[in-house]
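Coordinates as given in start.pdb (PDB, C-alpha atoms, pLDDT in the B column):
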```pdb
ATOM      1  CA  MET K 170      24.931  78.170  70.152  1.00 56.00           C
ATOM      2  CA  ASN K 171      26.362  81.674  70.005  1.00 71.00           C
ATOM      3  CA  VAL K 172      26.871  81.729  73.758  1.00 78.00           C
ATOM      4  CA  LEU K 173      28.831  78.462  73.529  1.00 77.00           C
ATOM      5  CA  LEU K 174      30.997  79.710  70.656  1.00 77.00           C
ATOM      6  CA  PHE K 175      31.750  83.002  72.318  1.00 78.00           C
ATOM      7  CA  SER K 176      32.541  81.170  75.562  1.00 84.00           C
ATOM      8  CA  ILE K 177      35.047  79.006  73.679  1.00 82.00           C
ATOM      9  CA  ILE K 178      36.691  82.015  72.061  1.00 81.00           C
ATOM     10  CA  ALA K 179      36.735  83.853  75.403  1.00 85.00           C
ATOM     11  CA  LEU K 180      38.453  80.835  77.012  1.00 88.00           C
ATOM     12  CA  LEU K 181      41.013  80.728  74.199  1.00 86.00           C
ATOM     13  CA  PHE K 182      41.720  84.440  74.539  1.00 87.00           C
ATOM     14  CA  GLY K 183      42.004  84.023  78.295  1.00 90.00           C
ATOM     15  CA  GLY K 184      44.537  81.205  77.877  1.00 90.00           C
ATOM     16  CA  PHE K 185      46.645  82.981  75.287  1.00 90.00           C
ATOM     17  CA  GLY K 186      46.388  86.245  77.212  1.00 90.00           C
ATOM     18  CA  THR K 187      47.619  84.551  80.389  1.00 90.00           C
ATOM     19  CA  ALA K 188      50.524  82.925  78.545  1.00 88.00           C
ATOM     20  CA  ALA K 189      51.485  86.285  76.995  1.00 89.00           C
ATOM     21  CA  ALA K 190      51.284  87.961  80.407  1.00 90.00           C
ATOM     22  CA  VAL K 191      53.548  85.251  81.894  1.00 88.00           C
ATOM     23  CA  VAL K 192      56.194  85.732  79.183  1.00 85.00           C
ATOM     24  CA  ALA K 193      56.009  89.536  79.430  1.00 86.00           C
ATOM     25  CA  TYR K 194      56.229  89.489  83.224  1.00 86.00           C
ATOM     26  CA  HIS K 195      59.232  87.159  83.319  1.00 84.00           C
ATOM     27  CA  LEU K 196      61.138  88.943  80.573  1.00 80.00           C
ATOM     28  CA  ARG K 197      60.583  92.324  82.249  1.00 81.00           C
ATOM     29  CA  ARG K 198      61.128  91.207  85.827  1.00 80.00           C
ATOM     30  CA  TYR K 199      64.164  88.959  85.500  1.00 80.00           C
ATOM     31  CA  ALA K 200      66.114  90.302  82.533  1.00 74.00           C
ATOM     32  CA  VAL K 201      69.701  91.420  82.993  1.00 71.00           C
ATOM     33  CA  PRO K 202      69.538  95.264  82.937  1.00 67.00           C
ATOM     34  CA  SER K 203      72.200  95.685  80.241  1.00 69.00           C
ATOM     35  CA  ASP K 204      70.325  93.453  77.761  1.00 71.00           C
ATOM     36  CA  HIS K 205      67.961  94.742  75.090  1.00 72.00           C
ATOM     37  CA  THR K 206      65.098  92.555  76.268  1.00 69.00           C
ATOM     38  CA  HIS K 207      62.477  95.226  75.642  1.00 69.00           C
ATOM     39  CA  LEU K 208      62.951  94.809  71.870  1.00 78.00           C
ATOM     40  CA  LEU K 209      62.168  91.087  72.018  1.00 80.00           C
ATOM     41  CA  LEU K 210      59.252  91.741  74.317  1.00 83.00           C
ATOM     42  CA  SER K 211      57.869  94.298  71.860  1.00 85.00           C
ATOM     43  CA  ILE K 212      58.153  91.807  68.978  1.00 89.00           C
ATOM     44  CA  PHE K 213      56.365  89.167  71.049  1.00 88.00           C
ATOM     45  CA  LEU K 214      53.559  91.495  72.098  1.00 90.00           C
ATOM     46  CA  ILE K 215      53.078  92.831  68.546  1.00 93.00           C
ATOM     47  CA  GLY K 216      52.902  89.229  67.243  1.00 93.00           C
ATOM     48  CA  THR K 217      50.387  88.329  69.951  1.00 92.00           C
ATOM     49  CA  VAL K 218      48.157  91.290  69.050  1.00 93.00           C
ATOM     50  CA  VAL K 219      48.374  90.372  65.333  1.00 95.00           C
ATOM     51  CA  PHE K 220      47.302  86.782  66.090  1.00 93.00           C
ATOM     52  CA  ALA K 221      44.480  88.019  68.334  1.00 92.00           C
ATOM     53  CA  VAL K 222      43.162  90.240  65.523  1.00 93.00           C
ATOM     54  CA  LEU K 223      43.522  87.416  62.989  1.00 93.00           C
ATOM     55  CA  THR K 224      41.626  85.074  65.317  1.00 90.00           C
ATOM     56  CA  VAL K 225      38.737  87.531  65.673  1.00 88.00           C
ATOM     57  CA  PHE K 226      38.723  88.050  61.896  1.00 90.00           C
ATOM     58  CA  ALA K 227      38.760  84.278  61.200  1.00 89.00           C
ATOM     59  CA  PHE K 228      36.088  83.690  63.837  1.00 85.00           C
ATOM     60  CA  LEU K 229      33.751  86.327  62.383  1.00 85.00           C
ATOM     61  CA  ASN K 230      34.422  85.069  58.857  1.00 84.00           C
ATOM     62  CA  ILE K 231      32.809  81.705  59.583  1.00 81.00           C
ATOM     63  CA  PRO K 232      29.103  81.549  58.664  1.00 79.00           C
ATOM     64  CA  TRP K 233      28.162  79.868  61.940  1.00 76.00           C
ATOM     65  CA  ASP K 234      24.439  79.677  61.109  1.00 73.00           C
ATOM     66  CA  SER K 235      24.811  77.915  57.778  1.00 72.00           C
ATOM     67  CA  PHE K 236      27.962  75.832  57.736  1.00 64.00           C
ATOM     68  CA  SER K 237      28.251  72.189  58.688  1.00 65.00           C
ATOM     69  CA  VAL K 238      30.992  69.659  59.264  1.00 64.00           C
ATOM     70  CA  GLU K 239      30.322  66.471  57.330  1.00 64.00           C
ATOM     71  CA  ILE K 240      30.956  63.347  59.358  1.00 66.00           C
ATOM     72  CA  PRO K 241      30.182  60.129  57.446  1.00 63.00           C
ATOM     73  CA  TYR K 242      27.884  57.654  59.120  1.00 65.00           C
ATOM     74  CA  ARG K 243      30.459  54.805  59.014  1.00 60.00           C
ATOM     75  CA  ILE K 244      32.738  56.412  61.624  1.00 55.00           C
TER
ATOM     76  CA  MET G 199      66.579  91.585  88.102  1.00 60.00           C
ATOM     77  CA  ILE G 200      69.774  90.864  90.030  1.00 68.00           C
ATOM     78  CA  SER G 201      70.360  92.890  93.173  1.00 74.00           C
ATOM     79  CA  LEU G 202      74.024  93.608  93.786  1.00 76.00           C
ATOM     80  CA  HIS G 203      75.734  94.758  96.960  1.00 77.00           C
ATOM     81  CA  ASP G 204      76.923  98.385  97.204  1.00 77.00           C
ATOM     82  CA  THR G 205      80.524  97.818  96.138  1.00 82.00           C
ATOM     83  CA  GLU G 206      79.913  94.732  94.007  1.00 84.00           C
ATOM     84  CA  ARG G 207      80.968  94.771  90.355  1.00 86.00           C
ATOM     85  CA  VAL G 208      79.751  92.414  87.609  1.00 87.00           C
ATOM     86  CA  LEU G 209      82.690  90.778  85.794  1.00 88.00           C
ATOM     87  CA  GLY G 210      80.588  89.011  83.198  1.00 86.00           C
ATOM     88  CA  THR G 211      77.280  87.399  82.318  1.00 87.00           C
ATOM     89  CA  TRP G 212      77.008  84.105  80.434  1.00 90.00           C
ATOM     90  CA  ARG G 213      74.131  82.291  78.811  1.00 89.00           C
ATOM     91  CA  LYS G 214      73.895  78.838  77.325  1.00 91.00           C
ATOM     92  CA  THR G 215      74.944  78.552  73.710  1.00 90.00           C
ATOM     93  CA  TRP G 216      72.317  79.678  71.166  1.00 88.00           C
ATOM     94  CA  LEU G 217      72.336  76.104  69.805  1.00 88.00           C
ATOM     95  CA  VAL G 218      70.222  75.101  72.813  1.00 86.00           C
ATOM     96  CA  PHE G 219      67.449  77.390  71.564  1.00 86.00           C
ATOM     97  CA  LEU G 220      68.061  76.514  67.908  1.00 88.00           C
ATOM     98  CA  PHE G 221      66.455  73.084  68.343  1.00 85.00           C
ATOM     99  CA  ALA G 222      63.277  74.624  69.810  1.00 86.00           C
ATOM    100  CA  GLY G 223      63.277  77.278  67.091  1.00 88.00           C
ATOM    101  CA  PHE G 224      63.641  74.723  64.317  1.00 91.00           C
ATOM    102  CA  THR G 225      60.834  72.580  65.775  1.00 92.00           C
ATOM    103  CA  SER G 226      58.607  75.661  65.940  1.00 92.00           C
ATOM    104  CA  LEU G 227      59.354  76.477  62.315  1.00 93.00           C
ATOM    105  CA  LEU G 228      58.378  72.961  61.227  1.00 94.00           C
ATOM    106  CA  LEU G 229      55.183  73.084  63.287  1.00 95.00           C
ATOM    107  CA  PHE G 230      54.404  76.524  61.856  1.00 93.00           C
ATOM    108  CA  LEU G 231      54.387  75.053  58.371  1.00 94.00           C
ATOM    109  CA  ALA G 232      52.076  72.157  59.334  1.00 93.00           C
ATOM    110  CA  PRO G 233      48.747  73.816  58.267  1.00 91.00           C
ATOM    111  CA  PHE G 234      50.201  74.532  54.801  1.00 92.00           C
ATOM    112  CA  VAL G 235      51.249  70.889  54.488  1.00 91.00           C
ATOM    113  CA  VAL G 236      47.810  69.690  55.592  1.00 87.00           C
ATOM    114  CA  LEU G 237      46.121  72.074  53.124  1.00 86.00           C
ATOM    115  CA  TRP G 238      48.392  70.925  50.312  1.00 87.00           C
ATOM    116  CA  LEU G 239      47.693  67.266  51.135  1.00 83.00           C
ATOM    117  CA  LEU G 240      43.925  67.869  51.233  1.00 78.00           C
ATOM    118  CA  ASN G 241      44.018  69.605  47.861  1.00 79.00           C
ATOM    119  CA  HIS G 242      46.425  67.303  46.042  1.00 78.00           C
ATOM    120  CA  SER G 243      46.049  63.835  47.485  1.00 73.00           C
ATOM    121  CA  GLN G 244      43.426  61.301  46.491  1.00 69.00           C
ATOM    122  CA  ILE G 245      42.853  60.194  50.066  1.00 67.00           C
ATOM    123  CA  GLU G 246      39.289  60.523  51.246  1.00 67.00           C
ATOM    124  CA  THR G 247      39.197  62.225  54.627  1.00 64.00           C
ATOM    125  CA  PRO G 248      36.473  61.024  56.998  1.00 62.00           C
ATOM    126  CA  ILE G 249      35.571  64.583  58.097  1.00 63.00           C
ATOM    127  CA  GLN G 250      35.076  67.469  55.661  1.00 66.00           C
ATOM    128  CA  VAL G 251      36.176  70.698  57.349  1.00 68.00           C
ATOM    129  CA  PRO G 252      34.949  73.959  55.777  1.00 76.00           C
ATOM    130  CA  ARG G 253      37.668  76.340  54.592  1.00 80.00           C
ATOM    131  CA  GLN G 254      36.786  79.120  57.028  1.00 82.00           C
ATOM    132  CA  LEU G 255      36.986  76.760  60.003  1.00 83.00           C
ATOM    133  CA  PHE G 256      40.323  75.466  58.756  1.00 86.00           C
ATOM    134  CA  GLY G 257      41.508  79.102  58.637  1.00 89.00           C
ATOM    135  CA  LEU G 258      40.452  79.700  62.243  1.00 89.00           C
ATOM    136  CA  LEU G 259      42.126  76.486  63.432  1.00 90.00           C
ATOM    137  CA  SER G 260      45.310  77.423  61.552  1.00 93.00           C
ATOM    138  CA  VAL G 261      45.455  80.864  63.169  1.00 93.00           C
ATOM    139  CA  LEU G 262      44.946  79.316  66.613  1.00 93.00           C
ATOM    140  CA  TRP G 263      47.667  76.769  65.832  1.00 94.00           C
ATOM    141  CA  TRP G 264      50.124  79.508  64.783  1.00 95.00           C
ATOM    142  CA  TRP G 265      49.260  81.566  67.837  1.00 94.00           C
ATOM    143  CA  SER G 266      49.990  78.534  70.083  1.00 93.00           C
ATOM    144  CA  ILE G 267      53.357  78.013  68.398  1.00 94.00           C
ATOM    145  CA  TRP G 268      54.200  81.707  68.654  1.00 93.00           C
ATOM    146  CA  THR G 269      53.475  81.662  72.401  1.00 91.00           C
ATOM    147  CA  GLY G 270      55.225  78.301  72.912  1.00 91.00           C
ATOM    148  CA  THR G 271      58.330  79.522  71.091  1.00 91.00           C
ATOM    149  CA  PHE G 272      58.565  82.583  73.305  1.00 89.00           C
ATOM    150  CA  LEU G 273      58.028  80.445  76.422  1.00 88.00           C
ATOM    151  CA  ALA G 274      60.940  78.257  75.236  1.00 89.00           C
ATOM    152  CA  PHE G 275      62.963  81.400  74.516  1.00 88.00           C
ATOM    153  CA  MET G 276      62.182  82.695  78.008  1.00 86.00           C
ATOM    154  CA  ASN G 277      63.489  79.441  79.509  1.00 87.00           C
ATOM    155  CA  TYR G 278      66.690  79.772  77.472  1.00 88.00           C
ATOM    156  CA  TYR G 279      67.172  83.501  77.954  1.00 87.00           C
ATOM    157  CA  LEU G 280      66.624  83.636  81.702  1.00 86.00           C
ATOM    158  CA  ASP G 281      69.196  80.925  82.468  1.00 89.00           C
ATOM    159  CA  VAL G 282      72.126  83.112  83.413  1.00 88.00           C
ATOM    160  CA  PHE G 283      75.516  82.591  85.012  1.00 89.00           C
ATOM    161  CA  VAL G 284      76.785  85.846  86.543  1.00 89.00           C
ATOM    162  CA  VAL G 285      80.293  86.309  87.907  1.00 91.00           C
ATOM    163  CA  THR G 286      80.864  89.332  90.131  1.00 90.00           C
ATOM    164  CA  ASP G 287      83.975  90.259  92.118  1.00 89.00           C
ATOM    165  CA  GLU G 288      82.336  88.767  95.237  1.00 89.00           C
ATOM    166  CA  ARG G 289      80.287  85.772  94.156  1.00 90.00           C
ATOM    167  CA  ILE G 290      78.870  83.600  91.399  1.00 91.00           C
ATOM    168  CA  LEU G 291      75.158  83.553  90.703  1.00 89.00           C
ATOM    169  CA  HIS G 292      73.507  80.743  88.803  1.00 89.00           C
ATOM    170  CA  ILE G 293      69.970  81.661  87.838  1.00 88.00           C
ATOM    171  CA  GLU G 294      67.902  78.937  86.252  1.00 88.00           C
ATOM    172  CA  GLN G 295      64.416  79.256  84.795  1.00 85.00           C
ATOM    173  CA  HIS G 296      62.691  75.850  84.809  1.00 86.00           C
ATOM    174  CA  GLY G 297      59.369  76.933  83.355  1.00 79.00           C
ATOM    175  CA  ALA G 298      56.759  79.626  83.676  1.00 79.00           C
ATOM    176  CA  PHE G 299      56.488  79.485  87.458  1.00 81.00           C
ATOM    177  CA  SER G 300      59.670  77.763  88.525  1.00 85.00           C
ATOM    178  CA  ARG G 301      62.965  79.527  89.040  1.00 86.00           C
ATOM    179  CA  SER G 302      66.036  78.872  91.133  1.00 87.00           C
ATOM    180  CA  VAL G 303      68.876  81.207  92.109  1.00 88.00           C
ATOM    181  CA  ALA G 304      72.044  79.675  93.552  1.00 87.00           C
ATOM    182  CA  GLU G 305      74.813  81.800  94.968  1.00 88.00           C
ATOM    183  CA  LEU G 306      78.404  80.973  95.772  1.00 88.00           C
ATOM    184  CA  ARG G 307      81.054  83.108  97.503  1.00 89.00           C
ATOM    185  CA  LEU G 308      84.235  83.247  95.411  1.00 89.00           C
ATOM    186  CA  GLU G 309      86.595  82.534  98.320  1.00 88.00           C
ATOM    187  CA  ARG G 310      84.822  79.207  98.968  1.00 87.00           C
ATOM    188  CA  ILE G 311      85.716  77.779  95.543  1.00 89.00           C
ATOM    189  CA  GLN G 312      88.008  74.767  95.646  1.00 88.00           C
ATOM    190  CA  ASP G 313      88.003  73.500  92.117  1.00 88.00           C
ATOM    191  CA  VAL G 314      86.754  74.579  88.693  1.00 91.00           C
ATOM    192  CA  SER G 315      86.587  72.062  85.876  1.00 92.00           C
ATOM    193  CA  VAL G 316      85.435  72.132  82.278  1.00 93.00           C
ATOM    194  CA  GLU G 317      84.081  69.247  80.233  1.00 93.00           C
ATOM    195  CA  GLN G 318      83.311  68.946  76.540  1.00 92.00           C
ATOM    196  CA  HIS G 319      81.907  65.643  75.336  1.00 90.00           C
ATOM    197  CA  GLY G 320      81.010  64.874  71.737  1.00 90.00           C
ATOM    198  CA  LEU G 321      81.616  66.199  68.262  1.00 92.00           C
ATOM    199  CA  LEU G 322      79.323  69.243  68.318  1.00 89.00           C
ATOM    200  CA  PRO G 323      80.570  70.684  71.635  1.00 90.00           C
ATOM    201  CA  THR G 324      84.173  70.245  70.489  1.00 91.00           C
ATOM    202  CA  LEU G 325      83.655  71.800  67.056  1.00 91.00           C
ATOM    203  CA  LEU G 326      81.378  74.614  68.212  1.00 90.00           C
ATOM    204  CA  HIS G 327      83.296  75.337  71.425  1.00 91.00           C
ATOM    205  CA  PHE G 328      80.718  74.859  74.131  1.00 92.00           C
ATOM    206  CA  GLY G 329      80.646  72.671  77.201  1.00 93.00           C
ATOM    207  CA  ASN G 330      79.838  72.348  80.881  1.00 93.00           C
ATOM    208  CA  ILE G 331      81.600  74.013  83.756  1.00 93.00           C
ATOM    209  CA  HIS G 332      81.649  72.591  87.298  1.00 91.00           C
ATOM    210  CA  VAL G 333      82.506  74.712  90.305  1.00 90.00           C
ATOM    211  CA  GLN G 334      83.204  72.713  93.473  1.00 87.00           C
ATOM    212  CA  THR G 335      83.214  74.343  96.880  1.00 82.00           C
ATOM    213  CA  ALA G 336      84.589  73.292 100.232  1.00 76.00           C
ATOM    214  CA  GLY G 337      82.151  71.187 102.187  1.00 70.00           C
ATOM    215  CA  GLU G 338      79.573  70.967  99.415  1.00 60.00           C
ATOM    216  CA  THR G 339      78.760  67.573  97.995  1.00 62.00           C
ATOM    217  CA  ARG G 340      76.902  69.014  95.004  1.00 68.00           C
ATOM    218  CA  ALA G 341      78.938  70.875  92.419  1.00 73.00           C
ATOM    219  CA  PHE G 342      77.758  74.129  90.926  1.00 82.00           C
ATOM    220  CA  MET G 343      77.197  73.299  87.254  1.00 86.00           C
ATOM    221  CA  PHE G 344      76.405  75.456  84.243  1.00 89.00           C
ATOM    222  CA  GLU G 345      75.644  73.478  81.103  1.00 89.00           C
ATOM    223  CA  SER G 346      76.293  74.220  77.425  1.00 90.00           C
ATOM    224  CA  VAL G 347      78.161  77.440  78.008  1.00 92.00           C
ATOM    225  CA  PRO G 348      80.043  78.892  75.008  1.00 92.00           C
ATOM    226  CA  ARG G 349      83.863  78.935  75.361  1.00 92.00           C
ATOM    227  CA  PRO G 350      83.916  77.351  78.846  1.00 92.00           C
ATOM    228  CA  GLU G 351      87.719  77.751  79.154  1.00 93.00           C
ATOM    229  CA  GLN G 352      87.333  81.536  79.087  1.00 92.00           C
ATOM    230  CA  LEU G 353      84.649  81.389  81.759  1.00 92.00           C
ATOM    231  CA  LYS G 354      86.885  79.128  83.853  1.00 93.00           C
ATOM    232  CA  GLU G 355      89.706  81.669  83.580  1.00 93.00           C
ATOM    233  CA  VAL G 356      87.399  84.516  84.658  1.00 92.00           C
ATOM    234  CA  VAL G 357      86.169  82.481  87.644  1.00 92.00           C
ATOM    235  CA  MET G 358      89.715  81.493  88.683  1.00 93.00           C
ATOM    236  CA  GLN G 359      91.026  85.069  88.407  1.00 92.00           C
ATOM    237  CA  ALA G 360      88.067  86.374  90.409  1.00 92.00           C
ATOM    238  CA  HIS G 361      88.650  83.607  92.964  1.00 92.00           C
ATOM    239  CA  ARG G 362      92.338  84.548  93.363  1.00 92.00           C
ATOM    240  CA  ALA G 363      91.445  88.240  93.712  1.00 91.00           C
ATOM    241  CA  ALA G 364      88.769  87.406  96.307  1.00 89.00           C
ATOM    242  CA  LEU G 365      91.240  85.285  98.286  1.00 89.00           C
ATOM    243  CA  MET G 366      93.798  88.124  98.263  1.00 88.00           C
ATOM    244  CA  ARG G 367      91.162  90.594  99.468  1.00 86.00           C
ATOM    245  CA  HIS G 368      90.001  88.144 102.117  1.00 80.00           C
ATOM    246  CA  GLN G 369      93.566  87.629 103.442  1.00 81.00           C
ATOM    247  CA  ASN G 370      94.404  91.350 103.393  1.00 81.00           C
ATOM    248  CA  ALA G 371      91.171  92.394 105.043  1.00 74.00           C
ATOM    249  CA  PRO G 372      91.615  93.672 108.625  1.00 70.00           C
ATOM    250  CA  GLN G 373      90.473  91.155 111.235  1.00 63.00           C
ATOM    251  CA  THR G 374      87.683  92.843 113.144  1.00 59.00           C
ATOM    252  CA  GLY G 375      86.637  89.984 115.415  1.00 53.00           C
ATOM    253  CA  GLU G 376      88.507  88.666 118.456  1.00 50.00           C
ATOM    254  CA  GLY G 377      88.338  85.110 117.195  1.00 47.00           C
ATOM    255  CA  LEU G 378      87.270  82.045 119.100  1.00 47.00           C
TER
END
```
Translate the structure described by the file into structure tokens.
Amino acid sequence: MNVLLFSIIALLFGGFGTAAAVVAYHLRRYAVPSDHTHLLLSIFLIGTVVFAVLTVFAFLNIPWDSFSVEIPYRI
Amino acid sequence: MISLHDTERVLGTWRKTWLVFLFAGFTSLLLFLAPFVVLWLLNHSQIETPIQVPRQLFGLLSVLWWWSIWTGTFLAFMNYYLDVFVVTDERILHIEQHGAFSRSVAELRLERIQDVSVEQHGLLPTLLHFGNIHVQTAGETRAFMFESVPRPEQLKEVVMQAHRAALMRHQNAPQTGEGL
């Protein structure tokens, strides 16, 4: 169970990490030199790190061994 | 990054109006609030939900949702921000970002321009002063178009002045070849 959960979280981090890398690469590579793109990029990267930390915190906060999702029999 | 020739000078850089991004930003804001709305509905409504989700799991799903929106908003911003129309004293560059891995750069020599036209259709473009600009060249069937540019008349003037200056330079330049 733990292996499955950690695989899911690793996949999520991989996806979000790739998306963040794509945005960062494009904004750095193709920006007009006179623009202040680095400020926006910093905001984006800080936000991404904050969400990554929050995800880890929320993930560890779940009592995986004891909790259950109740699905009624009729559905 | 734009690579310029040795003596080339940038006359101006234009982006689409910020209103283009405003729609994406507003949608993101609404989507950002969605978990709060769902939580409020679960706490205050009398509707019986078929699946009972524990609070901690709801927290994790909300964070993942917000992270997706954060990333999606910046991807949309990247698409908006990297669409650029650059006028130099030699050429026009139209750089268009179509997505994460799709980008096109079109280039047009100023002396080849035949016609520049501006169009503004609708209430919002007229009131907020944005519109489309078409640059037609000799021998090209497809016009060079930049959409939703703020104050398109000013851009048209810059392009026309640069075109006239390029023509003058072209005519005054010494003929180095022997001709046909």
Go through range 261-345 of chain G and flag each residue having an atom no more than 12 Å from range 202-221 of chain K; for those, report the closest pair of atoms plus their distance in Å to one decimal, using all atoms listed in the file, ordered by chain and rising number, as CSV.
```
residue,atom,partner,partner_atom,distance
G:Val261,CA,K:Phe220,CA,6.9
G:Leu262,CA,K:Phe220,CA,7.8
G:Trp263,CA,K:Phe220,CA,10.0
G:Trp264,CA,K:Phe220,CA,7.9
G:Trp265,CA,K:Phe220,CA,5.8
G:Ser266,CA,K:Phe220,CA,9.5
G:Ile267,CA,K:Thr217,CA,10.8
G:Trp268,CA,K:Thr217,CA,7.8
G:Thr269,CA,K:Thr217,CA,7.7
G:Gly270,CA,K:Phe213,CA,11.1
G:Thr271,CA,K:Phe213,CA,9.8
G:Phe272,CA,K:Phe213,CA,7.3
G:Leu273,CA,K:Phe213,CA,10.4
G:Phe275,CA,K:Leu209,CA,10.0
G:Met276,CA,K:Leu210,CA,10.2
G:Tyr279,CA,K:Thr206,CA,9.4
G:Leu280,CA,K:Thr206,CA,10.6
G:Val282,CA,K:Asp204,CA,11.9
```
| note | chain G proximity check over K:Thr187, K:Ser176, K:Asn171, K:Thr224, using only C-alpha atoms: winner is K:Thr224
| said: Taking all atoms listed in the file into account, name the residue in K:Phe175, K:Pro232, K:Ala227, K:Val222 that is nearest to chain G. | reply: K:Ala227
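For the residues G:Leu220, G:Leu227, G:Met366, G:Leu259, ranking by smallest atom-to-atom distance to chain K using all atoms listed in the file places G:Leu259 first.
The set of residues that the PyMOL selection byres ((chain G and resi 341) around 12) takes from this file is His292, Ala304, Glu305, Leu306, Ile311, Gln312, Asp313, Val314, Ser315, Asn330, Ile331, His332, Val333, Gln334, Thr335, Ala336, Gly337, Glu338, Thr339, Arg340, Phe342, Met343 and Phe344 of chain G.
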| said: Please list as a count of residues only every residue within 10 Å of Gln254 in chain G, counting only C-alpha atoms and excluding residues in the same chain fewer than 6 positions away. | reply: 9
| message | Translate the PyMOL selection byres ((chain G and resi 210) around 12) into a concrete residue list for this structure, as a count of residues only. | response | 24
Given 4 Å of margin on each side, can you work out the centre and size in Å (one decimal) of an axis-aligned box holding every listed atom of range 181-191 of chain K, as JSON?
```
{"center_x": 47.3, "center_y": 84.3, "center_z": 78.0, "size_x": 20.5, "size_y": 15.2, "size_z": 15.7}
```
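Among the candidates G:Arg301, G:Arg349, G:His296, G:His361, the residue lying nearest to Tyr199 in chain K is G:Arg301 (atoms considered: all atoms listed in the file).
In this model, the gap between CA of Ser243 in chain G and CA of Leu223 in chain K comes to 28.3 Å.
Interatomic distance, CA of Gln295 in chain G to CA of Met358 in chain G: 25.7 Å.
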| remark: One residue among K:Ile178, K:Ala188, K:Ala193, K:Ala200 is nearest to Val225 in chain K when using only C-alpha atoms, and that residue is K:Ile178
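The nearest approach to chain K among the residues G:Asn277, G:Asn241, G:Thr215, G:Asn370, with all atoms listed in the file taken into account, belongs to G:Asn277.
CA of Glu288 in chain G lies 13.7 Å from CA of Ala371 in chain G.
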When you get a chance, write out all heavy atoms for range 224-228 of chain K, as an mmCIF file, keeping the file's coordinate frame.
```
data_model
loop_
_atom_site.group_PDB
_atom_site.id
_atom_site.type_symbol
_atom_site.label_atom_id
_atom_site.label_comp_id
_atom_site.auth_asym_id
_atom_site.auth_seq_id
_atom_site.Cartn_x
_atom_site.Cartn_y
_atom_site.Cartn_z
ATOM 1 N N THR K 224 42.587 86.038 64.759
ATOM 2 C CA THR K 224 41.626 85.074 65.317
ATOM 3 C C THR K 224 40.208 85.637 65.277
ATOM 4 O O THR K 224 39.265 84.946 64.871
ATOM 5 C CB THR K 224 42.019 84.703 66.767
ATOM 6 O OG1 THR K 224 43.338 84.205 66.761
ATOM 7 C CG2 THR K 224 41.090 83.673 67.363
ATOM 8 N N VAL K 225 40.067 86.891 65.691
ATOM 9 C CA VAL K 225 38.737 87.531 65.673
ATOM 10 C C VAL K 225 38.214 87.571 64.242
ATOM 11 O O VAL K 225 37.057 87.227 63.975
ATOM 12 C CB VAL K 225 38.826 88.960 66.274
ATOM 13 C CG1 VAL K 225 37.516 89.706 66.061
ATOM 14 C CG2 VAL K 225 39.146 88.883 67.759
ATOM 15 N N PHE K 226 39.108 87.959 63.311
ATOM 16 C CA PHE K 226 38.723 88.050 61.896
ATOM 17 C C PHE K 226 38.278 86.675 61.376
ATOM 18 O O PHE K 226 37.235 86.543 60.739
ATOM 19 C CB PHE K 226 39.907 88.579 61.093
ATOM 20 C CG PHE K 226 39.632 88.726 59.637
ATOM 21 C CD1 PHE K 226 38.835 89.769 59.156
ATOM 22 C CD2 PHE K 226 40.146 87.816 58.716
ATOM 23 C CE1 PHE K 226 38.568 89.902 57.804
ATOM 24 C CE2 PHE K 226 39.881 87.937 57.357
ATOM 25 C CZ PHE K 226 39.084 88.979 56.905
ATOM 26 N N ALA K 227 39.080 85.636 61.670
ATOM 27 C CA ALA K 227 38.760 84.278 61.200
ATOM 28 C C ALA K 227 37.473 83.767 61.848
ATOM 29 O O ALA K 227 36.656 83.089 61.196
ATOM 30 C CB ALA K 227 39.916 83.338 61.506
ATOM 31 N N PHE K 228 37.288 84.121 63.104
ATOM 32 C CA PHE K 228 36.088 83.690 63.837
ATOM 33 C C PHE K 228 34.825 84.314 63.232
ATOM 34 O O PHE K 228 33.815 83.636 63.014
ATOM 35 C CB PHE K 228 36.228 84.081 65.310
ATOM 36 C CG PHE K 228 35.083 83.662 66.172
ATOM 37 C CD1 PHE K 228 34.954 82.340 66.591
ATOM 38 C CD2 PHE K 228 34.125 84.579 66.583
ATOM 39 C CE1 PHE K 228 33.900 81.950 67.381
ATOM 40 C CE2 PHE K 228 33.067 84.195 67.379
ATOM 41 C CZ PHE K 228 32.959 82.879 67.784
#
```
